[in-house]
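This report concerns only the one structure given below.
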Amino acid sequence: MLVNRPNIRRLAETTVNRIAAGEVIERPAAAIKELVENSVDAGATRVDVTIAAGGTQLMRVTDNGCGMHKDDLTLSIERHATSKLADDDDLLNISHLGFRGEALPSIGAVSRLQITSRPNGGDAAWTIHVEGGRRTDPALAAHPTGTQVEVRDLFFATPARLKFMKSERAEQMAITDMLKRMAMAHPTVSFSLSAAPTLSEAPKSILQVEAAPLDDPLLTRLGQIVGRDFAENALAIDVTRDDIRLHGYVGLPTLNKRTAQSQYMFVNTRPVLDKLFRGAVRGGYQDVLAHDRHAVLALYLEIPSSFVDVNVHPAKSEVRFRDPGLVRGMIVSSLKQALADAGHRTSSTVSIAALGKARSDTSLQQNSLHFAPQQPHYTTYMPRANTSVVARGLSEAAESFQAPISETEYAGYSGRVEAVSDPYTEEQADPNRILPLGVARAQLHQTYIVAQSSDGIVLVDQHAAHERLTLERLKSQMREQGVSRQLLLLPEVVEMDPDAAQRLLDRAEDLATMGLAIESFGTGAVMVRETPALLGTTNIPGLLADLAEDMAAWDSTTALEDKIDHVVATMACHGSIRAGRPLTSEEMNALLRQMEATPLSGQCAHGRPTYIELKLSDIESLFGRKE
Ligand code: ADP
Ligand code: MG
């Protein structure tokens, strides 16, 4: 059958812009991003955003940037008109956030757009209106220096797109998130966001961050956006390699989260979400965080535009690097360095959380404070003066604490209390010697070491702490002379799943360099001749099973370094003083001193703290002696 061939014709500009809008402006947050980027490009030091109905009814961005002349106002809404590329259109030399000249015409094609602007030093402001792609001529208006862009009824001209919008709440959240990232990317600019459920209601303030002219505007800004606990528990990073600079703040491992949502990355001040970064951060925190926990950090990469392809889709937050390995390596190594330099520090949030828990526990138990020897249970008490229940609880508590507790009662506890002569005075013989983790006073439940520091109490989880020390010693042995091994008197044969056995045997040579000598003992069995000396007597079948499980999780993208770290971490866990082993006071103090001297000793390999410090002032407020 013959078909009448239709003629080819050029699309109308409005149609072209609508198609482009579908890609560039896929939702209100994308429009906000473009408008705020324009404000930043215009040198604004303050950007105020107002939205109604999640941005669908209204988005208004006001800035105090350089503004536009009357003629530029008309040009700004023409497709591919930009003031941001040098005359030679060099795409490798991009110093602004925009450069495509697509945003304003795209927004204008699918909404009712009004731009009002007064140029820096100009004596009048002009306004222009675009509706569904058709514009008015500029008209005189009243406006201070800077620009205000108002977008109403986004997508009214493309009803199909309107149908695909998420709820207004979701759009408002996306806008808030976008603006937070912009605020982190530009710490010297003040930002605000106000939102109203509909146009007829008064907007409420959602976000307001002022630029602080302090020594470190970035840290101030991160405190405002990510949270004060982050600002207080973050390590500064600033390294430059070749022409690439990586800086920012990374959270201590003990300040970890369930999702990676608090990992912020910026490339040349653009917020990005990128697999490469996520992977590199994993690598950096590899032996201080469990796999299901995520660090909190804000990293800024400044890289010459010739090293990165920014010409990827404007709405996408991925980046393409010319040399991804270089960038990855730089991130991993600087994270590791910063964490190692932090020494035994753990985040203050740990003890704050412990205190908070102690308080909330007591509120449940305030009617039943007791001290029953057969059921060891230490309750803490936080009096609240205004309730009589508490007052009664307090006197009961006082009574039970007055009852003398004999040595024999103590001995009945599952955890033996080890009295320590008075090593504090011995250790403090040199008054200039500062012992950050204090002097061991007792071991409780054969699991925790209680130490007295100059201004508080330190509670150490002996297993977690020893595991970290073993790990660091194994690593330093590997770097130096190789892991020293111990020959087993009787080689141990371990039966296991044939696949698991094979995985181990495939790496027998590598394992040998890490102090573990294994060989095949027929299908589904492995014979162990030597183990790392540091591990002492260890549960060998358990160790092999865990190693085989680690290896099953590796794939072609796992870096060799990560594999080694994995194996060593698993070994360290198996070689540690288990909870439940009594320690002498010498052993306990030795452990504390080693922790002070060992990098990363503030957390175990899973990101849990190895110790908690309660300052005397915290304890006093816990007892209501002080607020
Ligand atoms: P691009 O940002 O890629 O250049 P846009 O469509 O976003 O493209 O903007 C077009 C032009 O309008 C910009 O190049 C700039 O000259 C001007 N412009 C847009 N917004 C502002 C603003 N807030 N202040 C000053 N000039 C602006
Ligand atoms: Mg732009």
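Chain identifiers are assigned as A, B, and so on, following the order in which chains appear in the structure tokens; residues are numbered from 1 within each chain, and ligands are numbered from 1 in order of appearance.
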
Name each residue within 9 Å of ligand 1, counting only C-alpha atoms and all ligand atoms, as a PDB file with C-alpha atoms, in the first residue's frame.
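Contents of result_30.pdb, as written:
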ATOM      1  CA  GLU A  34      18.653  26.303  37.288  1.00  0.00           C
ATOM      2  CA  LEU A  35      17.380  29.596  38.723  1.00  0.00           C
ATOM      3  CA  VAL A  36      19.580  29.458  41.812  1.00  0.00           C
ATOM      4  CA  GLU A  37      22.593  28.576  39.658  1.00  0.00           C
ATOM      5  CA  ASN A  38      21.873  31.652  37.560  1.00  0.00           C
ATOM      6  CA  SER A  39      21.801  33.774  40.711  1.00  0.00           C
ATOM      7  CA  VAL A  40      25.112  32.358  41.901  1.00  0.00           C
ATOM      8  CA  ASP A  41      26.605  32.880  38.445  1.00  0.00           C
ATOM      9  CA  ALA A  42      25.428  36.486  38.657  1.00  0.00           C
ATOM     10  CA  GLY A  43      27.566  36.946  41.769  1.00  0.00           C
ATOM     11  CA  ALA A  44      24.685  37.141  44.231  1.00  0.00           C
ATOM     12  CA  VAL A  61      13.871  33.319  43.182  1.00  0.00           C
ATOM     13  CA  THR A  62      15.190  36.734  44.151  1.00  0.00           C
ATOM     14  CA  ASP A  63      18.879  37.630  44.133  1.00  0.00           C
ATOM     15  CA  ASN A  64      21.145  40.638  44.612  1.00  0.00           C
ATOM     16  CA  GLY A  65      23.442  39.688  41.742  1.00  0.00           C
ATOM     17  CA  CYS A  66      24.624  41.760  38.786  1.00  0.00           C
ATOM     18  CA  GLY A  67      21.168  41.951  37.174  1.00  0.00           C
ATOM     19  CA  MET A  68      20.411  42.349  33.469  1.00  0.00           C
ATOM     20  CA  HIS A  69      20.060  45.247  31.052  1.00  0.00           C
ATOM     21  CA  ASP A  72      19.845  41.137  27.855  1.00  0.00           C
ATOM     22  CA  LEU A  73      16.486  40.480  29.437  1.00  0.00           C
ATOM     23  CA  THR A  74      15.007  39.767  26.016  1.00  0.00           C
ATOM     24  CA  LEU A  75      18.008  37.699  24.990  1.00  0.00           C
ATOM     25  CA  SER A  76      18.004  35.678  28.191  1.00  0.00           C
ATOM     26  CA  ILE A  77      14.842  33.840  27.196  1.00  0.00           C
ATOM     27  CA  GLU A  78      16.110  32.976  23.736  1.00  0.00           C
ATOM     28  CA  ARG A  79      17.349  29.526  23.150  1.00  0.00           C
ATOM     29  CA  HIS A  80      21.116  29.027  23.277  1.00  0.00           C
ATOM     30  CA  ALA A  81      21.726  32.585  24.390  1.00  0.00           C
ATOM     31  CA  THR A  82      24.237  32.733  27.200  1.00  0.00           C
ATOM     32  CA  SER A  83      26.665  35.234  28.659  1.00  0.00           C
ATOM     33  CA  LYS A  84      28.818  32.499  30.157  1.00  0.00           C
ATOM     34  CA  LEU A  85      31.007  31.017  27.458  1.00  0.00           C
ATOM     35  CA  HIS A  96      30.153  29.193  35.515  1.00  0.00           C
ATOM     36  CA  LEU A  97      27.431  26.793  36.510  1.00  0.00           C
ATOM     37  CA  GLY A  98      25.401  27.541  33.369  1.00  0.00           C
ATOM     38  CA  PHE A  99      26.638  27.657  29.794  1.00  0.00           C
ATOM     39  CA  ARG A 100      23.930  26.146  27.638  1.00  0.00           C
ATOM     40  CA  GLY A 101      21.491  29.024  27.546  1.00  0.00           C
ATOM     41  CA  GLU A 102      18.613  26.583  27.788  1.00  0.00           C
ATOM     42  CA  ALA A 103      17.079  27.004  31.210  1.00  0.00           C
ATOM     43  CA  LEU A 104      15.098  30.235  30.917  1.00  0.00           C
ATOM     44  CA  PRO A 105      13.638  29.500  27.448  1.00  0.00           C
ATOM     45  CA  SER A 106      12.716  25.977  28.586  1.00  0.00           C
ATOM     46  CA  ILE A 107      10.984  27.205  31.720  1.00  0.00           C
ATOM     47  CA  ILE A 115      11.682  38.118  35.000  1.00  0.00           C
ATOM     48  CA  SER A 117      15.847  42.817  36.781  1.00  0.00           C
ATOM     49  CA  ARG A 118      17.879  45.897  37.417  1.00  0.00           C
ATOM     50  CA  PRO A 119      21.517  45.852  36.344  1.00  0.00           C
ATOM     51  CA  GLY A 146      19.446  42.178  41.111  1.00  0.00           C
ATOM     52  CA  THR A 147      16.969  39.821  39.557  1.00  0.00           C
ATOM     53  CA  GLN A 148      13.676  38.248  40.469  1.00  0.00           C
ATOM     54  CA  VAL A 149      12.396  35.297  38.490  1.00  0.00           C
TER      55      VAL A 149
END

**Message:** Please extract the residues of range 35-193 of chain A with a backbone DSSP assignment of alpha helix (DSSP H) and present them as a PyMOL selection string.
**Reply:** chain A and resi 35-41+70-76+103-110+159-163+168-185

Same residues, N, CA and C atoms, saved as a compact mmCIF listing (two decimals), in the first residue's frame:
# COMPACT_ATOMS: atom_id res chain seq x y z
N LEU A 35 17.53 28.18 38.36
CA LEU A 35 17.38 29.60 38.72
C LEU A 35 18.41 29.99 39.77
N VAL A 36 18.61 29.12 40.76
CA VAL A 36 19.58 29.46 41.81
C VAL A 36 21.00 29.47 41.23
N GLU A 37 21.27 28.55 40.31
CA GLU A 37 22.59 28.58 39.66
C GLU A 37 22.79 29.89 38.91
N ASN A 38 21.75 30.36 38.25
CA ASN A 38 21.87 31.65 37.56
C ASN A 38 22.19 32.77 38.54
N SER A 39 21.55 32.73 39.71
CA SER A 39 21.80 33.77 40.71
C SER A 39 23.25 33.72 41.19
N VAL A 40 23.73 32.50 41.44
CA VAL A 40 25.11 32.36 41.90
C VAL A 40 26.07 32.82 40.81
N ASP A 41 25.77 32.43 39.57
CA ASP A 41 26.61 32.88 38.45
C ASP A 41 26.62 34.41 38.34
N LYS A 70 18.11 45.86 29.82
CA LYS A 70 16.86 45.64 29.10
C LYS A 70 17.04 44.66 27.93
N ASP A 71 18.10 44.86 27.14
CA ASP A 71 18.27 44.01 25.96
C ASP A 71 18.65 42.58 26.35
N ASP A 72 19.45 42.48 27.39
CA ASP A 72 19.84 41.14 27.86
C ASP A 72 18.64 40.37 28.37
N LEU A 73 17.70 41.10 28.92
CA LEU A 73 16.49 40.48 29.44
C LEU A 73 15.76 39.74 28.30
N THR A 74 15.66 40.39 27.17
CA THR A 74 15.01 39.77 26.02
C THR A 74 15.82 38.58 25.51
N LEU A 75 17.14 38.78 25.50
CA LEU A 75 18.01 37.70 24.99
C LEU A 75 17.98 36.49 25.92
N SER A 76 17.85 36.76 27.21
CA SER A 76 18.00 35.68 28.19
C SER A 76 17.00 34.56 27.98
N ALA A 103 18.00 27.10 30.08
CA ALA A 103 17.08 27.00 31.21
C ALA A 103 15.90 27.97 31.09
N LEU A 104 16.21 29.28 30.93
CA LEU A 104 15.10 30.23 30.92
C LEU A 104 14.13 29.99 29.77
N PRO A 105 14.61 29.79 28.52
CA PRO A 105 13.64 29.50 27.45
C PRO A 105 12.83 28.23 27.71
N SER A 106 13.45 27.21 28.31
CA SER A 106 12.72 25.98 28.59
C SER A 106 11.63 26.22 29.62
N ILE A 107 11.99 26.93 30.68
CA ILE A 107 10.98 27.21 31.72
C ILE A 107 9.86 28.06 31.12
N GLY A 108 10.27 29.04 30.30
CA GLY A 108 9.28 29.93 29.69
C GLY A 108 8.32 29.21 28.76
N ALA A 109 8.77 28.07 28.22
CA ALA A 109 7.93 27.34 27.27
C ALA A 109 6.83 26.55 27.96
N VAL A 110 7.00 26.26 29.25
CA VAL A 110 6.04 25.37 29.91
C VAL A 110 5.38 26.01 31.13
N PRO A 159 0.10 19.45 29.79
CA PRO A 159 -0.70 18.74 30.79
C PRO A 159 -0.21 17.30 31.03
N ALA A 160 0.37 16.69 30.00
CA ALA A 160 0.82 15.30 30.17
C ALA A 160 1.88 15.23 31.25
N ARG A 161 2.80 16.21 31.23
CA ARG A 161 3.88 16.24 32.21
C ARG A 161 3.33 16.49 33.62
N LEU A 162 2.32 17.34 33.66
CA LEU A 162 1.71 17.69 34.93
C LEU A 162 1.20 16.44 35.65
N LYS A 163 0.67 15.51 34.86
CA LYS A 163 0.11 14.29 35.44
C LYS A 163 1.17 13.45 36.14
N GLU A 168 2.78 17.25 46.10
CA GLU A 168 3.38 18.56 46.38
C GLU A 168 4.37 18.46 47.53
N ARG A 169 4.05 17.59 48.49
CA ARG A 169 4.97 17.39 49.61
C ARG A 169 6.32 16.87 49.14
N ALA A 170 6.25 15.89 48.24
CA ALA A 170 7.50 15.31 47.73
C ALA A 170 8.29 16.35 46.94
N GLU A 171 7.56 17.20 46.18
CA GLU A 171 8.25 18.23 45.42
C GLU A 171 8.91 19.24 46.36
N GLN A 172 8.20 19.59 47.42
CA GLN A 172 8.78 20.55 48.36
C GLN A 172 10.03 19.97 49.03
N MET A 173 9.97 18.67 49.33
CA MET A 173 11.15 18.05 49.93
C MET A 173 12.33 18.04 48.96
N ALA A 174 12.02 17.78 47.70
CA ALA A 174 13.09 17.76 46.70
C ALA A 174 13.71 19.15 46.55
N ILE A 175 12.85 20.18 46.61
CA ILE A 175 13.36 21.55 46.50
C ILE A 175 14.23 21.88 47.72
N THR A 176 13.75 21.50 48.90
CA THR A 176 14.53 21.78 50.11
C THR A 176 15.89 21.10 50.03
N ASP A 177 15.88 19.85 49.60
CA ASP A 177 17.13 19.10 49.50
C ASP A 177 18.08 19.78 48.50
N MET A 178 17.52 20.16 47.37
CA MET A 178 18.32 20.83 46.34
C MET A 178 18.95 22.11 46.89
N LEU A 179 18.12 22.89 47.61
CA LEU A 179 18.62 24.16 48.12
C LEU A 179 19.68 23.95 49.20
N LYS A 180 19.51 22.91 49.99
CA LYS A 180 20.53 22.61 51.00
C LYS A 180 21.86 22.31 50.33
N ARG A 181 21.80 21.53 49.28
CA ARG A 181 23.05 21.20 48.58
C ARG A 181 23.67 22.45 47.97
N MET A 182 22.83 23.32 47.39
CA MET A 182 23.36 24.56 46.83
C MET A 182 24.01 25.39 47.94
N ALA A 183 23.36 25.41 49.12
CA ALA A 183 23.89 26.21 50.23
C ALA A 183 25.22 25.65 50.71
N MET A 184 25.37 24.31 50.66
CA MET A 184 26.65 23.72 51.05
C MET A 184 27.72 24.00 50.02
N ALA A 185 27.29 24.09 48.75
CA ALA A 185 28.26 24.32 47.67
C ALA A 185 28.74 25.77 47.67

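Distances to ligand 2 were evaluated for A:Arg152, A:Lys33, A:Arg503, A:His466 using only C-alpha atoms and all ligand atoms, and the minimum falls at A:Lys33.
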
**Message:** Just list as a PyMOL selection string whatever in range 62-304 of chain A DSSP marks as strand (DSSP E or B).
**Reply:** chain A and resi 62-63+112-118+125-131+134-135+139-141+146-152+190-196+204-209+234-241+244-251+257+263-267+270-272+294+297-302

**Item:** Proximity to Arg270 in chain A - best of A:Leu339, A:Ile25, A:Leu113, A:Val319, only C-alpha atoms
**Value:** A:Val319
